[in-house]
$ cat protein-v3.pdb   # PDB, N, CA and C atoms
ATOM      1  N   MET A   1      10.987   2.499   1.551
ATOM      2  CA  MET A   1       9.553   2.628   1.475
ATOM      3  C   MET A   1       8.901   1.585   2.369
ATOM      4  N   SER A   2       7.717   1.920   2.811
ATOM      5  CA  SER A   2       6.973   0.999   3.658
ATOM      6  C   SER A   2       5.492   1.086   3.319
ATOM      7  N   ILE A   3       4.763   0.086   3.798
ATOM      8  CA  ILE A   3       3.334  -0.007   3.490
ATOM      9  C   ILE A   3       2.621  -0.641   4.688
ATOM     10  N   PRO A   4       1.403  -0.206   5.002
ATOM     11  CA  PRO A   4       0.677  -0.838   6.102
ATOM     12  C   PRO A   4       0.217  -2.237   5.747
ATOM     13  N   GLU A   5       0.262  -3.103   6.739
ATOM     14  CA  GLU A   5      -0.285  -4.452   6.612
ATOM     15  C   GLU A   5      -1.319  -4.619   7.692
ATOM     16  N   VAL A   6      -2.453  -5.182   7.331
ATOM     17  CA  VAL A   6      -3.527  -5.429   8.285
ATOM     18  C   VAL A   6      -3.495  -6.897   8.662
ATOM     19  N   ASP A   7      -3.462  -7.169   9.951
ATOM     20  CA  ASP A   7      -3.510  -8.541  10.436
ATOM     21  C   ASP A   7      -4.980  -8.922  10.541
ATOM     22  N   GLU A   8      -5.457  -9.687   9.574
ATOM     23  CA  GLU A   8      -6.876 -10.037   9.537
ATOM     24  C   GLU A   8      -7.299 -10.907  10.715
ATOM     25  N   MET A   9      -6.371 -11.532  11.376
ATOM     26  CA  MET A   9      -6.696 -12.351  12.542
ATOM     27  C   MET A   9      -6.556 -11.537  13.833
ATOM     28  N   SER A  10      -6.309 -10.258  13.700
ATOM     29  CA  SER A  10      -6.091  -9.406  14.872
ATOM     30  C   SER A  10      -7.406  -8.970  15.484
ATOM     31  N   SER A  11      -7.287  -8.073  16.410
ATOM     32  CA  SER A  11      -8.464  -7.562  17.096
ATOM     33  C   SER A  11      -8.951  -6.262  16.467
ATOM     34  N   CYS A  12      -8.818  -6.139  15.143
ATOM     35  CA  CYS A  12      -9.293  -4.937  14.445
ATOM     36  C   CYS A  12     -10.769  -4.741  14.756
ATOM     37  N   GLN A  13     -11.096  -3.546  15.227
ATOM     38  CA  GLN A  13     -12.476  -3.214  15.548
ATOM     39  C   GLN A  13     -13.111  -2.618  14.301
ATOM     40  N   ARG A  14     -13.887  -3.404  13.612
ATOM     41  CA  ARG A  14     -14.393  -3.025  12.292
ATOM     42  C   ARG A  14     -15.190  -1.724  12.292
ATOM     43  N   ASP A  15     -15.811  -1.362  13.390
ATOM     44  CA  ASP A  15     -16.580  -0.124  13.421
ATOM     45  C   ASP A  15     -15.731   1.080  13.823
ATOM     46  N   CYS A  16     -14.465   0.881  14.109
ATOM     47  CA  CYS A  16     -13.565   1.933  14.579
ATOM     48  C   CYS A  16     -13.207   2.927  13.471
ATOM     49  N   GLN A  17     -12.551   2.475  12.433
ATOM     50  CA  GLN A  17     -12.136   3.251  11.276
ATOM     51  C   GLN A  17     -11.190   4.415  11.596
ATOM     52  N   ALA A  18     -10.515   4.383  12.746
ATOM     53  CA  ALA A  18      -9.583   5.453  13.115
ATOM     54  C   ALA A  18      -8.467   5.592  12.083
ATOM     55  N   CYS A  19      -7.959   4.489  11.583
ATOM     56  CA  CYS A  19      -6.854   4.551  10.618
ATOM     57  C   CYS A  19      -7.269   5.274   9.342
ATOM     58  N   VAL A  20      -8.474   5.011   8.874
ATOM     59  CA  VAL A  20      -8.952   5.653   7.651
ATOM     60  C   VAL A  20      -9.245   7.129   7.892
ATOM     61  N   SER A  21      -9.893   7.445   8.993
ATOM     62  CA  SER A  21     -10.283   8.829   9.245
ATOM     63  C   SER A  21      -9.091   9.733   9.552
ATOM     64  N   GLN A  22      -8.005   9.169  10.084
ATOM     65  CA  GLN A  22      -6.839   9.970  10.440
ATOM     66  C   GLN A  22      -5.752   9.966   9.376
ATOM     67  N   CYS A  23      -5.906   9.159   8.348
ATOM     68  CA  CYS A  23      -4.903   9.074   7.282
ATOM     69  C   CYS A  23      -4.807  10.415   6.558
ATOM     70  N   PRO A  24      -3.597  11.006   6.462
ATOM     71  CA  PRO A  24      -3.466  12.291   5.778
ATOM     72  C   PRO A  24      -3.726  12.210   4.274
ATOM     73  N   VAL A  25      -3.649  11.023   3.700
ATOM     74  CA  VAL A  25      -3.914  10.847   2.271
ATOM     75  C   VAL A  25      -5.391  10.542   2.036
ATOM     76  N   GLY A  26      -6.037   9.938   3.009
ATOM     77  CA  GLY A  26      -7.451   9.606   2.892
ATOM     78  C   GLY A  26      -7.688   8.295   2.183
ATOM     79  N   GLU A  27      -8.834   8.206   1.526
ATOM     80  CA  GLU A  27      -9.246   6.942   0.925
ATOM     81  C   GLU A  27      -8.430   6.543  -0.298
ATOM     82  N   ASP A  28      -7.507   7.390  -0.740
ATOM     83  CA  ASP A  28      -6.582   6.970  -1.789
ATOM     84  C   ASP A  28      -5.561   5.989  -1.226
ATOM     85  N   ALA A  29      -5.384   5.981   0.096
ATOM     86  CA  ALA A  29      -4.426   5.089   0.746
ATOM     87  C   ALA A  29      -5.103   3.954   1.501
ATOM     88  N   LEU A  30      -6.162   4.278   2.233
ATOM     89  CA  LEU A  30      -6.880   3.288   3.039
ATOM     90  C   LEU A  30      -8.375   3.458   2.835
ATOM     91  N   SER A  31      -9.080   2.355   2.821
ATOM     92  CA  SER A  31     -10.538   2.418   2.757
ATOM     93  C   SER A  31     -11.110   1.195   3.462
ATOM     94  N   ILE A  32     -12.398   1.212   3.667
ATOM     95  CA  ILE A  32     -13.100   0.088   4.272
ATOM     96  C   ILE A  32     -13.908  -0.580   3.163
ATOM     97  N   ASN A  33     -13.716  -1.891   2.989
ATOM     98  CA  ASN A  33     -14.437  -2.604   1.929
ATOM     99  C   ASN A  33     -15.839  -2.994   2.385
ATOM    100  N   ASP A  34     -16.592  -3.641   1.516
ATOM    101  CA  ASP A  34     -17.977  -4.017   1.812
ATOM    102  C   ASP A  34     -18.089  -4.988   2.986
ATOM    103  N   ALA A  35     -17.031  -5.738   3.249
ATOM    104  CA  ALA A  35     -17.015  -6.684   4.364
ATOM    105  C   ALA A  35     -16.613  -6.007   5.677
ATOM    106  N   GLY A  36     -16.319  -4.698   5.625
ATOM    107  CA  GLY A  36     -15.932  -3.971   6.828
ATOM    108  C   GLY A  36     -14.461  -4.062   7.166
ATOM    109  N   MET A  37     -13.670  -4.609   6.245
ATOM    110  CA  MET A  37     -12.234  -4.757   6.489
ATOM    111  C   MET A  37     -11.460  -3.603   5.851
ATOM    112  N   ILE A  38     -10.299  -3.310   6.406
ATOM    113  CA  ILE A  38      -9.434  -2.262   5.892
ATOM    114  C   ILE A  38      -8.767  -2.743   4.611
ATOM    115  N   GLU A  39      -8.771  -1.897   3.604
ATOM    116  CA  GLU A  39      -8.040  -2.175   2.365
ATOM    117  C   GLU A  39      -6.948  -1.138   2.224
ATOM    118  N   VAL A  40      -5.735  -1.607   1.966
ATOM    119  CA  VAL A  40      -4.587  -0.734   1.744
ATOM    120  C   VAL A  40      -4.402  -0.568   0.248
ATOM    121  N   HIS A  41      -4.269   0.679  -0.195
ATOM    122  CA  HIS A  41      -4.051   0.978  -1.606
ATOM    123  C   HIS A  41      -2.611   1.453  -1.750
ATOM    124  N   GLU A  42      -1.747   0.528  -2.150
ATOM    125  CA  GLU A  42      -0.306   0.791  -2.196
ATOM    126  C   GLU A  42       0.057   2.015  -3.025
ATOM    127  N   LYS A  43      -0.644   2.245  -4.115
ATOM    128  CA  LYS A  43      -0.300   3.374  -4.984
ATOM    129  C   LYS A  43      -0.588   4.716  -4.328
ATOM    130  N   GLY A  44      -1.518   4.758  -3.383
ATOM    131  CA  GLY A  44      -1.850   6.014  -2.727
ATOM    132  C   GLY A  44      -1.169   6.210  -1.391
ATOM    133  N   CYS A  45      -0.723   5.125  -0.776
ATOM    134  CA  CYS A  45      -0.130   5.177   0.566
ATOM    135  C   CYS A  45       1.290   5.736   0.516
ATOM    136  N   THR A  46       1.597   6.638   1.453
ATOM    137  CA  THR A  46       2.943   7.206   1.544
ATOM    138  C   THR A  46       3.804   6.489   2.580
ATOM    139  N   GLY A  47       3.210   5.591   3.386
ATOM    140  CA  GLY A  47       3.961   4.866   4.409
ATOM    141  C   GLY A  47       4.277   5.706   5.627
ATOM    142  N   CYS A  48       3.493   6.747   5.883
ATOM    143  CA  CYS A  48       3.787   7.690   6.977
ATOM    144  C   CYS A  48       3.658   7.080   8.371
ATOM    145  N   GLY A  49       2.790   6.077   8.544
ATOM    146  CA  GLY A  49       2.650   5.406   9.832
ATOM    147  C   GLY A  49       1.552   5.931  10.728
ATOM    148  N   VAL A  50       0.817   6.940  10.293
ATOM    149  CA  VAL A  50      -0.262   7.483  11.127
ATOM    150  C   VAL A  50      -1.265   6.394  11.480
ATOM    151  N   CYS A  51      -1.601   5.549  10.525
ATOM    152  CA  CYS A  51      -2.583   4.491  10.766
ATOM    153  C   CYS A  51      -2.175   3.590  11.932
ATOM    154  N   GLN A  52      -0.906   3.240  11.989
ATOM    155  CA  GLN A  52      -0.413   2.379  13.066
ATOM    156  C   GLN A  52      -0.497   3.091  14.414
ATOM    157  N   TRP A  53      -0.160   4.373  14.431
ATOM    158  CA  TRP A  53      -0.129   5.117  15.697
ATOM    159  C   TRP A  53      -1.509   5.425  16.242
ATOM    160  N   VAL A  54      -2.524   5.544  15.377
ATOM    161  CA  VAL A  54      -3.874   5.849  15.871
ATOM    162  C   VAL A  54      -4.700   4.595  16.134
ATOM    163  N   CYS A  55      -4.215   3.440  15.733
ATOM    164  CA  CYS A  55      -4.945   2.187  15.967
ATOM    165  C   CYS A  55      -5.076   1.958  17.472
ATOM    166  N   PRO A  56      -6.315   1.791  17.957
ATOM    167  CA  PRO A  56      -6.513   1.665  19.404
ATOM    168  C   PRO A  56      -6.285   0.270  19.970
ATOM    169  N   THR A  57      -6.038  -0.725  19.119
ATOM    170  CA  THR A  57      -5.859  -2.086  19.636
ATOM    171  C   THR A  57      -4.412  -2.324  20.055
ATOM    172  N   THR A  58      -4.229  -3.280  20.941
ATOM    173  CA  THR A  58      -2.891  -3.664  21.388
ATOM    174  C   THR A  58      -2.749  -5.168  21.217
ATOM    175  N   PRO A  59      -1.843  -5.596  20.339
ATOM    176  CA  PRO A  59      -1.012  -4.807  19.440
ATOM    177  C   PRO A  59      -1.858  -4.190  18.340
ATOM    178  N   ALA A  60      -1.291  -3.214  17.649
ATOM    179  CA  ALA A  60      -2.008  -2.525  16.577
ATOM    180  C   ALA A  60      -2.422  -3.516  15.502
ATOM    181  N   ALA A  61      -3.648  -3.366  15.006
ATOM    182  CA  ALA A  61      -4.162  -4.252  13.962
ATOM    183  C   ALA A  61      -3.584  -3.911  12.595
ATOM    184  N   ILE A  62      -3.025  -2.712  12.461
ATOM    185  CA  ILE A  62      -2.398  -2.287  11.214
ATOM    186  C   ILE A  62      -0.978  -1.837  11.549
ATOM    187  N   VAL A  63      -0.012  -2.401  10.841
ATOM    188  CA  VAL A  63       1.401  -2.174  11.160
ATOM    189  C   VAL A  63       2.146  -1.814   9.881
ATOM    190  N   ILE A  64       3.045  -0.845   9.985
ATOM    191  CA  ILE A  64       3.854  -0.444   8.846
ATOM    192  C   ILE A  64       5.001  -1.446   8.679
ATOM    193  N   LYS A  65       5.093  -2.013   7.492
ATOM    194  CA  LYS A  65       6.144  -2.989   7.171
ATOM    195  C   LYS A  65       6.960  -2.462   5.996
ATOM    196  N   PRO A  66       8.261  -2.716   5.993
ATOM    197  CA  PRO A  66       9.068  -2.288   4.843
ATOM    198  C   PRO A  66       8.685  -3.068   3.590
ATOM    199  N   LEU A  67       8.676  -2.373   2.472
ATOM    200  CA  LEU A  67       8.443  -3.038   1.198
ATOM    201  C   LEU A  67       9.707  -3.778   0.798
ATOM    202  N   VAL A  68       9.553  -4.991   0.360
ATOM    203  CA  VAL A  68      10.667  -5.789  -0.112
ATOM    204  C   VAL A  68      10.740  -5.619  -1.615
ATOM    205  N   PRO A  69      11.888  -5.141  -2.133
ATOM    206  CA  PRO A  69      11.971  -4.962  -3.581
ATOM    207  C   PRO A  69      11.816  -6.278  -4.322
ATOM    208  N   LYS A  70      11.122  -6.207  -5.446
ATOM    209  CA  LYS A  70      10.948  -7.387  -6.287
ATOM    210  C   LYS A  70      11.880  -7.254  -7.477
ATOM    211  N   PHE A  71      12.786  -8.202  -7.591
ATOM    212  CA  PHE A  71      13.745  -8.192  -8.695
ATOM    213  C   PHE A  71      13.318  -9.226  -9.725
ATOM    214  N   SER A  72      13.432  -8.866 -10.973
ATOM    215  CA  SER A  72      13.113  -9.834 -12.019
ATOM    216  C   SER A  72      14.389 -10.589 -12.406
ATOM    217  N   ASP A  73      14.204 -11.750 -12.955
ATOM    218  CA  ASP A  73      15.348 -12.569 -13.349
ATOM    219  C   ASP A  73      16.052 -12.005 -14.550
TER     220      ASP A  73
END
$ encode --input "protein-v3.pdb" --output "C-alpha cells"
Amino acid sequence: MSIPEVDEMSSCQRDCQACVSQCPVGEDALSINDAGMIEVHEKGCTGCGVCQWVCPTTPAAIVIKPLVPKFSD
C-alpha cells in the first residue's frame, strides 16, 4: 500500500488543484484545506498515483510513498 505525501516546502501551486480535480476517488482522498494546502485522507486514498502524475511542478509537490506498517509491542 502507498499514500501521497505533500512536501509543504515544495513549489506546490496552491491555486492549481490538479491533484484534487484529477483524483479518481475525489475529495474522499484529497482536499484543499482553509489554508489552501492539500490534505490527504488516508482512509479514502487508494494510492493509485494519479495525483503525482498530474502535478505540474518539478519535482512533483505530491509524491506517492509506501506505507510503513506499524507493529505494536
$ closest_residue --input "protein-v3.pdb" --among "A:Cys19, A:Ala61, A:Cys48, A:Val54" --to "Ser31 of chain A" --atoms "all atoms listed in the file"
A:Cys19
$ resolve_selection --input "protein-v3.pdb" --expression "the PyMOL selection byres ((chain A and resi 62-64) around 6)" --output "PyMOL selection string"
chain A and resi 2-7+51-52+60-61+65-66
$ axis_aligned_box --input "protein-v3.pdb" --around "segment 55-72 of chain A" --padding-each-side "4 Å" --output "JSON"
{"center_x": 3.9, "center_y": -3.6, "center_z": 4.5, "size_x": 28.9, "size_y": 22.0, "size_z": 41.8}
$ atom_distance --input "protein-v3.pdb" --atom1 "atom CA of Leu30 of chain A" --atom2 "atom CA of Cys16 of chain A"
13.4 Å
$ select_by_dssp --input "protein-v3.pdb" --residues "chain A" --states "strand (DSSP E or B)" --output "PyMOL selection string"
chain A and resi 2-6+30-32+38-40+62-66
